[in-house]
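Engineer: Take a look at target14.pdb, PDB, C-alpha atoms:
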ATOM      1  CA  MET A   1      29.263 -80.683 -69.676
ATOM      2  CA  ARG A   2      25.772 -79.815 -68.454
ATOM      3  CA  ARG A   3      25.160 -79.992 -64.706
ATOM      4  CA  THR A   4      21.872 -80.811 -63.015
ATOM      5  CA  LEU A   5      20.944 -80.058 -59.443
ATOM      6  CA  SER A   6      20.425 -82.879 -57.061
ATOM      7  CA  LYS A   7      17.097 -83.397 -55.336
ATOM      8  CA  PRO A   8      18.263 -81.957 -51.974
ATOM      9  CA  SER A   9      19.544 -78.845 -53.753
ATOM     10  CA  LEU A  10      16.251 -78.424 -55.571
ATOM     11  CA  VAL A  11      14.368 -78.650 -52.272
ATOM     12  CA  VAL A  12      16.578 -75.981 -50.684
ATOM     13  CA  LEU A  13      16.210 -73.716 -53.718
ATOM     14  CA  ALA A  14      12.445 -74.137 -53.727
ATOM     15  CA  SER A  15      12.284 -73.246 -50.009
ATOM     16  CA  VAL A  16      14.315 -70.070 -50.585
ATOM     17  CA  VAL A  17      12.097 -69.029 -53.493
ATOM     18  CA  LEU A  18       8.950 -69.688 -51.442
ATOM     19  CA  ALA A  19      10.301 -67.646 -48.544
ATOM     20  CA  LEU A  20      11.065 -64.740 -50.865
ATOM     21  CA  VAL A  21       7.572 -64.907 -52.334
ATOM     22  CA  VAL A  22       5.948 -64.901 -48.891
ATOM     23  CA  TYR A  23       8.135 -62.000 -47.701
ATOM     24  CA  THR A  24       7.419 -59.945 -50.803
ATOM     25  CA  SER A  25       3.680 -60.602 -50.588
ATOM     26  CA  THR A  26       3.634 -59.592 -46.923
ATOM     27  CA  LEU A  27       5.574 -56.401 -47.660
ATOM     28  CA  VAL A  28       3.238 -55.435 -50.492
ATOM     29  CA  LEU A  29       0.165 -56.124 -48.359
ATOM     30  CA  ALA A  30       1.555 -53.996 -45.530
ATOM     31  CA  GLN A  31       2.224 -51.133 -47.947
ATOM     32  CA  ARG A  32      -1.310 -51.365 -49.283
ATOM     33  CA  ARG A  33      -2.627 -51.132 -45.733
ATOM     34  CA  GLY A  34      -0.561 -48.036 -45.175
ATOM     35  CA  GLY A  35       2.296 -49.779 -43.460
ATOM     36  CA  ARG A  36       0.781 -48.961 -40.064
ATOM     37  CA  ARG A  37       2.976 -49.573 -37.073
ATOM     38  CA  GLY A  38       2.658 -48.702 -33.412
ATOM     39  CA  PRO A  39       3.809 -45.249 -32.312
ATOM     40  CA  PRO A  40       7.451 -44.938 -31.315
ATOM     41  CA  SER A  41       8.378 -45.212 -27.659
ATOM     42  CA  GLY A  42       7.507 -42.052 -25.709
ATOM     43  CA  ALA A  43       5.006 -40.823 -28.299
ATOM     44  CA  LYS A  44       1.944 -41.793 -26.285
ATOM     45  CA  PRO A  45       1.190 -41.356 -22.560
ATOM     46  CA  GLU A  46       1.963 -44.177 -20.167
ATOM     47  CA  ILE A  47       0.270 -44.864 -16.863
ATOM     48  CA  GLU A  48       2.966 -42.916 -15.015
ATOM     49  CA  ASP A  49       1.904 -39.826 -16.992
ATOM     50  CA  THR A  50      -1.567 -39.885 -15.407
ATOM     51  CA  GLN A  51      -2.744 -38.168 -12.238
ATOM     52  CA  LYS A  52      -4.716 -39.676  -9.373
ATOM     53  CA  LEU A  53      -8.172 -38.131  -8.959
ATOM     54  CA  ASN A  54      -9.996 -38.550  -5.620
ATOM     55  CA  VAL A  55     -13.663 -37.518  -5.355
ATOM     56  CA  TYR A  56     -16.083 -37.630  -2.424
ATOM     57  CA  ALA A  57     -19.711 -36.547  -2.718
ATOM     58  CA  ASP A  58     -22.614 -36.416  -0.301
ATOM     59  CA  ASN A  59     -24.265 -38.292  -1.821
ATOM     60  CA  TRP A  60     -23.612 -38.833  -5.578
ATOM     61  CA  PHE A  61     -21.832 -37.259  -8.580
ATOM     62  CA  GLU A  62     -20.892 -37.515 -12.236
ATOM     63  CA  LEU A  63     -17.737 -35.767 -13.475
ATOM     64  CA  TYR A  64     -16.603 -34.572 -16.893
ATOM     65  CA  ILE A  65     -13.134 -33.462 -17.992
ATOM     66  CA  ASN A  66     -13.000 -31.354 -21.149
ATOM     67  CA  GLY A  67     -16.531 -32.426 -21.997
ATOM     68  CA  GLU A  68     -15.932 -36.165 -21.660
ATOM     69  CA  LEU A  69     -17.571 -38.265 -18.955
ATOM     70  CA  THR A  70     -14.666 -39.370 -16.763
ATOM     71  CA  ALA A  71     -16.034 -40.680 -13.458
ATOM     72  CA  VAL A  72     -19.399 -41.596 -11.968
ATOM     73  CA  ASP A  73     -20.161 -42.531  -8.387
ATOM     74  CA  SER A  74     -20.921 -46.255  -8.595
ATOM     75  CA  ILE A  75     -23.052 -46.160  -5.427
ATOM     76  CA  ARG A  76     -26.239 -44.161  -5.714
ATOM     77  CA  PHE A  77     -26.579 -42.112  -2.538
ATOM     78  CA  MET A  78     -25.793 -44.682   0.187
ATOM     79  CA  PRO A  79     -23.346 -45.615   1.559
ATOM     80  CA  HIS A  80     -20.960 -42.744   0.929
ATOM     81  CA  ASN A  81     -17.774 -43.730  -0.875
ATOM     82  CA  VAL A  82     -14.693 -42.235  -2.482
ATOM     83  CA  VAL A  83     -14.156 -42.656  -6.200
ATOM     84  CA  SER A  84     -10.465 -42.770  -7.085
ATOM     85  CA  VAL A  85      -9.388 -42.975 -10.735
ATOM     86  CA  ASP A  86      -6.300 -42.324 -12.868
ATOM     87  CA  VAL A  87      -6.834 -39.562 -15.424
ATOM     88  CA  PHE A  88      -4.699 -37.955 -18.090
ATOM     89  CA  PRO A  89      -5.175 -34.180 -17.781
ATOM     90  CA  LYS A  90      -4.952 -32.001 -20.867
ATOM     91  CA  TYR A  91      -4.561 -28.265 -20.205
ATOM     92  CA  PRO A  92      -6.375 -26.003 -20.211
ATOM     93  CA  MET A  93      -8.608 -28.459 -18.360
ATOM     94  CA  THR A  94     -12.308 -27.872 -17.763
ATOM     95  CA  ILE A  95     -13.872 -29.934 -14.984
ATOM     96  CA  ALA A  96     -17.664 -30.072 -14.768
ATOM     97  CA  VAL A  97     -19.588 -31.923 -12.082
ATOM     98  CA  MET A  98     -23.206 -32.721 -11.276
ATOM     99  CA  ALA A  99     -23.574 -33.496  -7.562
ATOM    100  CA  LYS A 100     -26.755 -34.677  -5.853
ATOM    101  CA  ASP A 101     -27.827 -34.974  -2.260
ATOM    102  CA  ASN A 102     -30.233 -37.785  -1.395
ATOM    103  CA  ALA A 103     -33.597 -36.037  -1.788
ATOM    104  CA  ASP A 104     -37.023 -37.146  -2.933
ATOM    105  CA  ALA A 105     -37.882 -35.636  -6.305
ATOM    106  CA  LYS A 106     -41.267 -34.301  -5.101
ATOM    107  CA  THR A 107     -40.657 -33.333  -1.479
ATOM    108  CA  ALA A 108     -36.851 -32.849  -1.387
ATOM    109  CA  LEU A 109     -36.889 -34.792   1.888
ATOM    110  CA  GLU A 110     -34.963 -37.965   2.639
ATOM    111  CA  TYR A 111     -35.359 -41.173   4.641
ATOM    112  CA  ASN A 112     -39.058 -41.632   3.832
ATOM    113  CA  HIS A 113     -39.772 -37.913   4.028
ATOM    114  CA  THR A 114     -38.677 -37.684   7.651
ATOM    115  CA  GLN A 115     -35.887 -35.099   7.445
ATOM    116  CA  ILE A 116     -33.966 -32.513   5.427
ATOM    117  CA  GLY A 117     -30.606 -33.757   4.216
ATOM    118  CA  ASP A 118     -27.361 -31.957   3.460
ATOM    119  CA  GLY A 119     -24.831 -32.163   0.652
ATOM    120  CA  GLY A 120     -21.145 -31.588   0.074
ATOM    121  CA  PHE A 121     -18.555 -32.179  -2.643
ATOM    122  CA  ILE A 122     -14.761 -32.336  -2.549
ATOM    123  CA  LEU A 123     -12.079 -33.208  -5.110
ATOM    124  CA  LYS A 124      -8.327 -33.450  -5.303
ATOM    125  CA  MET A 125      -6.102 -34.334  -8.261
ATOM    126  CA  GLY A 126      -2.430 -35.261  -8.141
ATOM    127  CA  ASP A 127      -1.445 -32.128 -10.101
ATOM    128  CA  GLY A 128      -2.615 -29.915  -7.241
ATOM    129  CA  THR A 129      -6.147 -29.287  -8.539
ATOM    130  CA  VAL A 130      -8.546 -28.935  -5.591
ATOM    131  CA  THR A 131     -12.076 -27.752  -4.954
ATOM    132  CA  GLY A 132     -12.642 -24.312  -3.436
ATOM    133  CA  LYS A 133     -14.484 -21.033  -3.825
ATOM    134  CA  HIS A 134     -12.750 -20.438  -7.176
ATOM    135  CA  TRP A 135     -15.154 -23.014  -8.664
ATOM    136  CA  LYS A 136     -18.511 -21.944 -10.144
ATOM    137  CA  ALA A 137     -21.784 -23.430  -8.827
ATOM    138  CA  LYS A 138     -25.420 -23.473  -9.920
ATOM    139  CA  SER A 139     -28.295 -25.028  -7.967
ATOM    140  CA  VAL A 140     -30.939 -26.683 -10.155
ATOM    141  CA  PHE A 141     -33.060 -28.394  -7.472
ATOM    142  CA  HIS A 142     -33.973 -26.578  -4.240
ATOM    143  CA  GLY A 143     -36.268 -27.539  -1.408
ATOM    144  CA  PRO A 144     -38.246 -27.902   0.663
ATOM    145  CA  ILE A 145     -38.765 -24.180   0.196
ATOM    146  CA  ASN A 146     -38.603 -22.291   3.496
ATOM    147  CA  ARG A 147     -37.892 -25.625   5.211
ATOM    148  CA  ASP A 148     -41.606 -26.387   5.247
ATOM    149  CA  MET A 149     -41.742 -30.133   5.902
ATOM    150  CA  ARG A 150     -45.522 -30.259   6.411
ATOM    151  CA  ASN A 151     -46.304 -28.959   2.936
ATOM    152  CA  PRO A 152     -43.002 -29.409   1.096
ATOM    153  CA  GLN A 153     -42.568 -27.524  -2.172
ATOM    154  CA  VAL A 154     -39.561 -27.600  -4.475
ATOM    155  CA  ARG A 155     -38.031 -25.279  -7.050
ATOM    156  CA  ARG A 156     -36.358 -26.663 -10.146
ATOM    157  CA  THR A 157     -34.266 -24.957 -12.809
ATOM    158  CA  ASP A 158     -33.694 -26.466 -16.242
ATOM    159  CA  ILE A 159     -30.247 -27.979 -16.563
ATOM    160  CA  PRO A 160     -28.475 -25.890 -19.216
ATOM    161  CA  GLU A 161     -27.736 -27.625 -22.477
ATOM    162  CA  ASN A 162     -24.082 -28.609 -22.869
ATOM    163  CA  TRP A 163     -23.309 -27.422 -19.344
ATOM    164  CA  MET A 164     -20.323 -29.796 -19.167
ATOM    165  CA  THR A 165     -18.583 -28.676 -22.360
ATOM    166  CA  VAL A 166     -15.415 -26.610 -22.556
ATOM    167  CA  ASP A 167     -16.947 -23.585 -24.308
ATOM    168  CA  PHE A 168     -20.083 -23.325 -22.146
ATOM    169  CA  ASP A 169     -20.579 -19.815 -20.755
ATOM    170  CA  ASP A 170     -20.826 -20.017 -16.951
ATOM    171  CA  SER A 171     -20.204 -16.300 -16.358
ATOM    172  CA  ASP A 172     -23.599 -15.853 -14.679
ATOM    173  CA  TRP A 173     -23.048 -18.721 -12.248
ATOM    174  CA  SER A 174     -22.225 -17.927  -8.631
ATOM    175  CA  ALA A 175     -18.993 -18.737  -6.885
ATOM    176  CA  ALA A 176     -19.119 -22.012  -5.005
ATOM    177  CA  CYS A 177     -19.462 -21.769  -1.235
ATOM    178  CA  GLU A 178     -16.906 -23.455   0.998
ATOM    179  CA  PHE A 179     -17.996 -25.489   4.012
ATOM    180  CA  SER A 180     -15.942 -26.897   6.836
ATOM    181  CA  GLU A 181     -15.301 -30.581   7.308
ATOM    182  CA  GLN A 182     -17.107 -30.333  10.648
ATOM    183  CA  THR A 183     -20.223 -28.993   8.900
ATOM    184  CA  VAL A 184     -20.315 -31.611   6.140
ATOM    185  CA  ARG A 185     -19.370 -34.504   8.465
ATOM    186  CA  PRO A 186     -17.950 -36.875   5.824
ATOM    187  CA  LYS A 187     -18.078 -40.615   6.421
ATOM    188  CA  ARG A 188     -15.150 -42.977   7.000
ATOM    189  CA  PRO A 189     -13.979 -43.469   3.357
ATOM    190  CA  PHE A 190     -13.126 -39.764   3.126
ATOM    191  CA  TYR A 191     -10.409 -40.158   5.745
ATOM    192  CA  GLN A 192      -8.814 -43.057   3.882
ATOM    193  CA  HIS A 193      -7.811 -40.899   0.882
ATOM    194  CA  ASP A 194      -5.779 -37.768   0.205
ATOM    195  CA  PHE A 195      -7.854 -34.573   0.183
ATOM    196  CA  GLU A 196      -5.262 -32.302   1.774
ATOM    197  CA  GLY A 197      -5.688 -28.699   0.619
ATOM    198  CA  ALA A 198      -9.151 -29.274  -0.879
ATOM    199  CA  LYS A 199     -12.323 -27.643   0.475
ATOM    200  CA  PHE A 200     -15.865 -28.961   0.632
ATOM    201  CA  ILE A 201     -18.037 -26.918  -1.722
ATOM    202  CA  TRP A 202     -21.734 -26.595  -2.543
ATOM    203  CA  ALA A 203     -24.215 -23.949  -3.626
ATOM    204  CA  ASP A 204     -25.478 -21.335  -1.126
ATOM    205  CA  ASP A 205     -27.515 -23.670   1.088
ATOM    206  CA  LEU A 206     -25.914 -26.960   2.092
ATOM    207  CA  GLU A 207     -29.286 -28.397   3.154
ATOM    208  CA  LEU A 208     -31.848 -27.034   0.720
ATOM    209  CA  ASP A 209     -29.858 -27.093  -2.536
ATOM    210  CA  ASN A 210     -30.177 -30.731  -3.552
ATOM    211  CA  THR A 211     -28.669 -30.877  -7.062
ATOM    212  CA  VAL A 212     -25.738 -28.621  -7.895
ATOM    213  CA  LEU A 213     -23.667 -28.142 -11.048
ATOM    214  CA  PHE A 214     -20.007 -27.170 -10.675
ATOM    215  CA  ARG A 215     -17.433 -25.936 -13.175
ATOM    216  CA  VAL A 216     -13.805 -24.837 -13.135
ATOM    217  CA  THR A 217     -11.084 -24.338 -15.742
ATOM    218  CA  ILE A 218      -7.473 -25.093 -14.853
ATOM    219  CA  ASP A 219      -5.048 -23.368 -17.232
ATOM    220  CA  SER A 220      -1.928 -25.244 -16.084
ATOM    221  CA  PRO A 221      -0.921 -27.657 -13.307
ATOM    222  CA  PRO A 222      -1.405 -25.837  -9.962
ATOM    223  CA  ASP A 223       1.693 -27.557  -8.555
ATOM    224  CA  GLY A 224       3.866 -25.741 -11.116
ATOM    225  CA  SER A 225       4.903 -28.879 -12.978
ATOM    226  CA  THR A 226       5.324 -28.871 -16.740
ATOM    227  CA  PRO A 227       2.789 -31.149 -18.394
ATOM    228  CA  LYS A 228       3.992 -33.474 -21.097
ATOM    229  CA  ARG A 229       2.626 -33.013 -24.591
ATOM    230  CA  PHE A 230       1.696 -35.880 -26.839
ATOM    231  CA  PRO A 231       0.910 -34.719 -30.393
ATOM    232  CA  ILE A 232      -0.560 -38.150 -31.132
ATOM    233  CA  LEU A 233      -3.519 -37.193 -28.896
ATOM    234  CA  ASP A 234      -4.233 -34.125 -31.053
ATOM    235  CA  GLU A 235      -4.701 -36.082 -34.256
TER     236      GLU A 235
END
What would you get if you wrote out this structure as structure tokens?
Structural biologist:
Amino acid sequence: MRRTLSKPSLVVLASVVLALVVYTSTLVLAQRRGGRRGPPSGAKPEIEDTQKLNVYADNWFELYINGELTAVDSIRFMPHNVVSVDVFPKYPMTIAVMAKDNADAKTALEYNHTQIGDGGFILKMGDGTVTGKHWKAKSVFHGPINRDMRNPQVRRTDIPENWMTVDFDDSDWSAACEFSEQTVRPKRPFYQHDFEGAKFIWADDLELDNTVLFRVTIDSPPDGSTPKRFPILDE
């Protein structure tokens, strides 16, 4: 005796077949796209793997880590502020900074050409990286020469090409000079952030060197910690 399926059974069967078709089509499409999925847990850095970076400049800066622009002072010259960002350090880590004092481009004076200003730069990272005389420095804008405010003259040096990159040769740069907190006289935001252990640095003359380039390479975390490695970042 031949049996036939009832209407409800046919509906159920059709639904199952449709579901299988949709599943199979989705699987095939995913395979064609390479079957990409998110990385497994722990394969990529999380926010807790970053380090806090605090930077104070008199008056302005831009900062690169391993050749990539990482932080820029959002306030140009005044008022002074602290820039605090989370960064993911990759060692060896090359930090390169351009720091500028507030100085007129033609006279090197500030506040409507009424006085000579002074600079200062300081940095601290959560891994123990701090500024100090172990950094390299190069002045590229100096003046007024001989402190002559009546007939101010300036001296400029071309900014080296690729000065912020990892493989740039800074062997002919001078060691940065350290200056006391009392000499730099930082403004209130400095005291609201952690700069313990860091030193204010600049080129030779805190007042006449108006634009200074800095560089340092950190081979491993100064605090002795073992940095995590994430091969996914090397791809």
Engineer: Got a sec to resolve the PyMOL selection byres ((chain A and resi 133) around 10) on this structure and send the residues as number ranges by chain?
Structural biologist: A: 131-132, 134-137, 174-179, 199-202
Engineer: Could you please determine the separation between atom CA of Asp148 of chain A and atom CA of Ala203 of chain A in Å, to one decimal place?
Structural biologist: 19.7 Å
Engineer: Which is closest to Thr50 of chain A among A:Val184, A:Val216, A:Met125, A:Val83, if we use all atoms listed in the file?
Structural biologist: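 Of all the options, A:Met125 lies closest to Thr50 of chain A.
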Engineer: Evaluated on this file, the PyMOL selection byres ((chain A and resi 229) around 9) picks out some residues - which ones are they, written as a PDB file with C-alpha atoms, in the coordinates of the input?
Structural biologist:
ATOM      1  CA  ALA A  43       5.006 -40.823 -28.299  1.00  0.00           C
ATOM      2  CA  LYS A  44       1.944 -41.793 -26.285  1.00  0.00           C
ATOM      3  CA  PRO A  45       1.190 -41.356 -22.560  1.00  0.00           C
ATOM      4  CA  LYS A  90      -4.952 -32.001 -20.867  1.00  0.00           C
ATOM      5  CA  PRO A 227       2.789 -31.149 -18.394  1.00  0.00           C
ATOM      6  CA  LYS A 228       3.992 -33.474 -21.097  1.00  0.00           C
ATOM      7  CA  PHE A 230       1.696 -35.880 -26.839  1.00  0.00           C
ATOM      8  CA  PRO A 231       0.910 -34.719 -30.393  1.00  0.00           C
ATOM      9  CA  ILE A 232      -0.560 -38.150 -31.132  1.00  0.00           C
ATOM     10  CA  LEU A 233      -3.519 -37.193 -28.896  1.00  0.00           C
TER      11      LEU A 233
END
Engineer: Record the distance separating atom CA of Phe77 of chain A and atom CA of Asn59 of chain A, expressed in Å with one decimal.
Structural biologist: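 So the two atoms, atom CA of Phe77 of chain A and atom CA of Asn59 of chain A, lie 4.5 Å apart.
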Engineer: Evaluating the PyMOL selection byres ((chain A and resi 197) around 10) on the displayed file yields which residues, as a PyMOL selection string?
Structural biologist: chain A and resi 123-124+128-132+194-196+198-199
Engineer: Name the residues in contact with Val140 of chain A at a cut-off of 12 Å, using only C-alpha atoms, excluding same-chain residues fewer than 4 positions from it; report them as JSON, numbers by chain.
Structural biologist: {"A": [98, 99, 100, 101, 105, 154, 155, 156, 157, 158, 159, 160, 163, 173, 202, 203, 204, 208, 209, 210, 211, 212, 213, 214]}
Engineer: Distance atom CA of Asp86 of chain A-atom CA of Gln51 of chain A, one decimal place?
Structural biologist: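 Value for the atom CA of Asp86 of chain A-atom CA of Gln51 of chain A distance: 5.5 Å.
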Engineer: Calculated over all atoms listed in the file, which of the candidates A:Val97, A:Phe121, A:Pro221, A:Asn102 has the smallest distance to Arg185 of chain A?
Structural biologist: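 Under the stated criterion, the closest residue is A:Phe121.
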Engineer: Using all atoms listed in the file, pick whichever of A:Met78, A:Val166, A:Ile47, A:Ile122 has the shortest atom-to-atom distance to Ala103 of chain A.
Structural biologist: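 Closest residue, counting all atoms listed in the file: A:Met78.
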